[in-house]
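Participant: Here it is, the structure in full.
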Amino acid sequence: MPEGHDTIFRTLADPTRRALFERLCREGEQTVGALTTYAGVSQPAVSKHLGVLRQAGLVRDRHEGRQTHYSARPGALAPLVDWTRRMAGFWEDRFDALEDLLNRMDQ
Amino acid sequence: MNLAAAETRTVVVERDMPHPPERIWRALTQPHLIAEWLMKNDFEPAVGHRFNLSGEWGGVLDCEVLAVEPGKTLAYTWNFAHEDEAYDLRSVVTFTLAPTAGGTRLRVEQAGFRPQQRQAYGGARAGWQQFLERLEHVVARAG
């Protein structure tokens, strides 16, 4: 697995970070304050987690006055599904061959 | 969840087939039939049986039967030993057959993981599979 995958997996292996990321995917852009309300951990902890997510390329931040707004970058997940896509393609091909066989078994 | 859990990867493919589960089960468990759609093999439907799947590319997979529930579930390891970690694969393939109105829904799940994290695999699996499935939806929507 390329290094980028490891970073993404490591980053999302933490349940709090995963919950923050999922919330951003679901609800769109949020302030740190709004995210803290739901995170169940302190604001500094939320900020730290968001920093890790940002370093992994999973979220982006936008400063507006004294507020920092965060939003998800779901495109960063694309490398993760590569292995899945490759193996899914393999099994789809095998299933095609299996169906050919099953049809011949009919006869 | 720890780091080891994060290394697992799972792929699921499902297909509705207009054939009864019994016929599909034969195709999944009889060596000469397996050879026709998957790979040459010395498979036997007995838990603990070790066998090889030989690919047309010359590669040989080391397999061990983990579960046999006739007409319903078949699981075996799907390992490809390689000195280079990038090519080394340890995984488990599970076939599940469910009867439908028009035949059978066949599902294959392949869960792969790195050798050094093998022992952590069992507990890690359920959570990550669900999570990756959700990720796929997220990626699909974002795409």
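To be explicit about the labels: the chains of the structure tokens are called A, B, and onward in the order shown, and within each one the residues are counted from 1, while ligands get numbers from 1 in the order they are shown.
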Quick one: residues within 7 Å of segment 45-61 of chain A, only C-alpha atoms, excluding same-chain residues fewer than 2 positions away - as a PyMOL selection string?

Facilitator: chain A and resi 7-8+11+17+32+36+41-43+63+68-74+76

Participant: Enumerate, as a ChimeraX atom specification, the complete set of residues in chain A that a backbone-based DSSP assignment places in helix (DSSP H, G or I).

Facilitator: /A:3-13,15-27,32-39,43-55,74-106

Participant: Considering only C-alpha atoms, return as a ChimeraX atom specification whatever protein or nucleic-acid residues lie within 7 Å of segment 53-56 of chain B, sequence-local ones (same chain, fewer than 2 positions apart) excluded.

Facilitator: /B:39-41,51,58-62

Participant: Write to file, as an mmCIF file, in the first residue's frame, the residues of the selection just made, with N, CA and C atoms.

Facilitator:
```cif
data_model
loop_
_atom_site.group_PDB
_atom_site.id
_atom_site.type_symbol
_atom_site.label_atom_id
_atom_site.label_comp_id
_atom_site.auth_asym_id
_atom_site.auth_seq_id
_atom_site.Cartn_x
_atom_site.Cartn_y
_atom_site.Cartn_z
ATOM 1 N N MET B 39 -9.786 -20.823 -11.077
ATOM 2 C CA MET B 39 -8.409 -21.236 -11.355
ATOM 3 C C MET B 39 -8.295 -22.740 -11.154
ATOM 4 N N LYS B 40 -7.209 -23.293 -11.711
ATOM 5 C CA LYS B 40 -6.901 -24.704 -11.454
ATOM 6 C C LYS B 40 -6.649 -24.870 -9.962
ATOM 7 N N ASN B 41 -7.022 -26.049 -9.421
ATOM 8 C CA ASN B 41 -7.015 -26.174 -7.964
ATOM 9 C C ASN B 41 -7.052 -27.621 -7.525
ATOM 10 N N PHE B 51 -5.073 -26.094 0.044
ATOM 11 C CA PHE B 51 -5.031 -26.302 -1.397
ATOM 12 C C PHE B 51 -4.394 -25.101 -2.074
ATOM 13 N N GLY B 58 0.848 -17.868 -13.832
ATOM 14 C CA GLY B 58 1.930 -18.628 -13.233
ATOM 15 C C GLY B 58 1.998 -18.508 -11.723
ATOM 16 N N GLY B 59 1.236 -17.576 -11.170
ATOM 17 C CA GLY B 59 1.222 -17.409 -9.719
ATOM 18 C C GLY B 59 0.406 -18.500 -9.042
ATOM 19 N N VAL B 60 0.812 -18.853 -7.826
ATOM 20 C CA VAL B 60 0.100 -19.877 -7.063
ATOM 21 C C VAL B 60 -0.354 -19.284 -5.733
ATOM 22 N N LEU B 61 -1.642 -19.415 -5.456
ATOM 23 C CA LEU B 61 -2.193 -18.932 -4.197
ATOM 24 C C LEU B 61 -2.264 -20.068 -3.195
ATOM 25 N N ASP B 62 -1.855 -19.782 -1.964
ATOM 26 C CA ASP B 62 -1.965 -20.760 -0.879
ATOM 27 C C ASP B 62 -3.283 -20.537 -0.154
#
```

Participant: Show which residues sit within 10 Å of Arg26 of chain A, as a PyMOL selection string. Count only C-alpha atoms, and ignore same-chain residues fewer than 4 positions away.

Facilitator: (chain A and resi 20-22+72) or (chain B and resi 138)
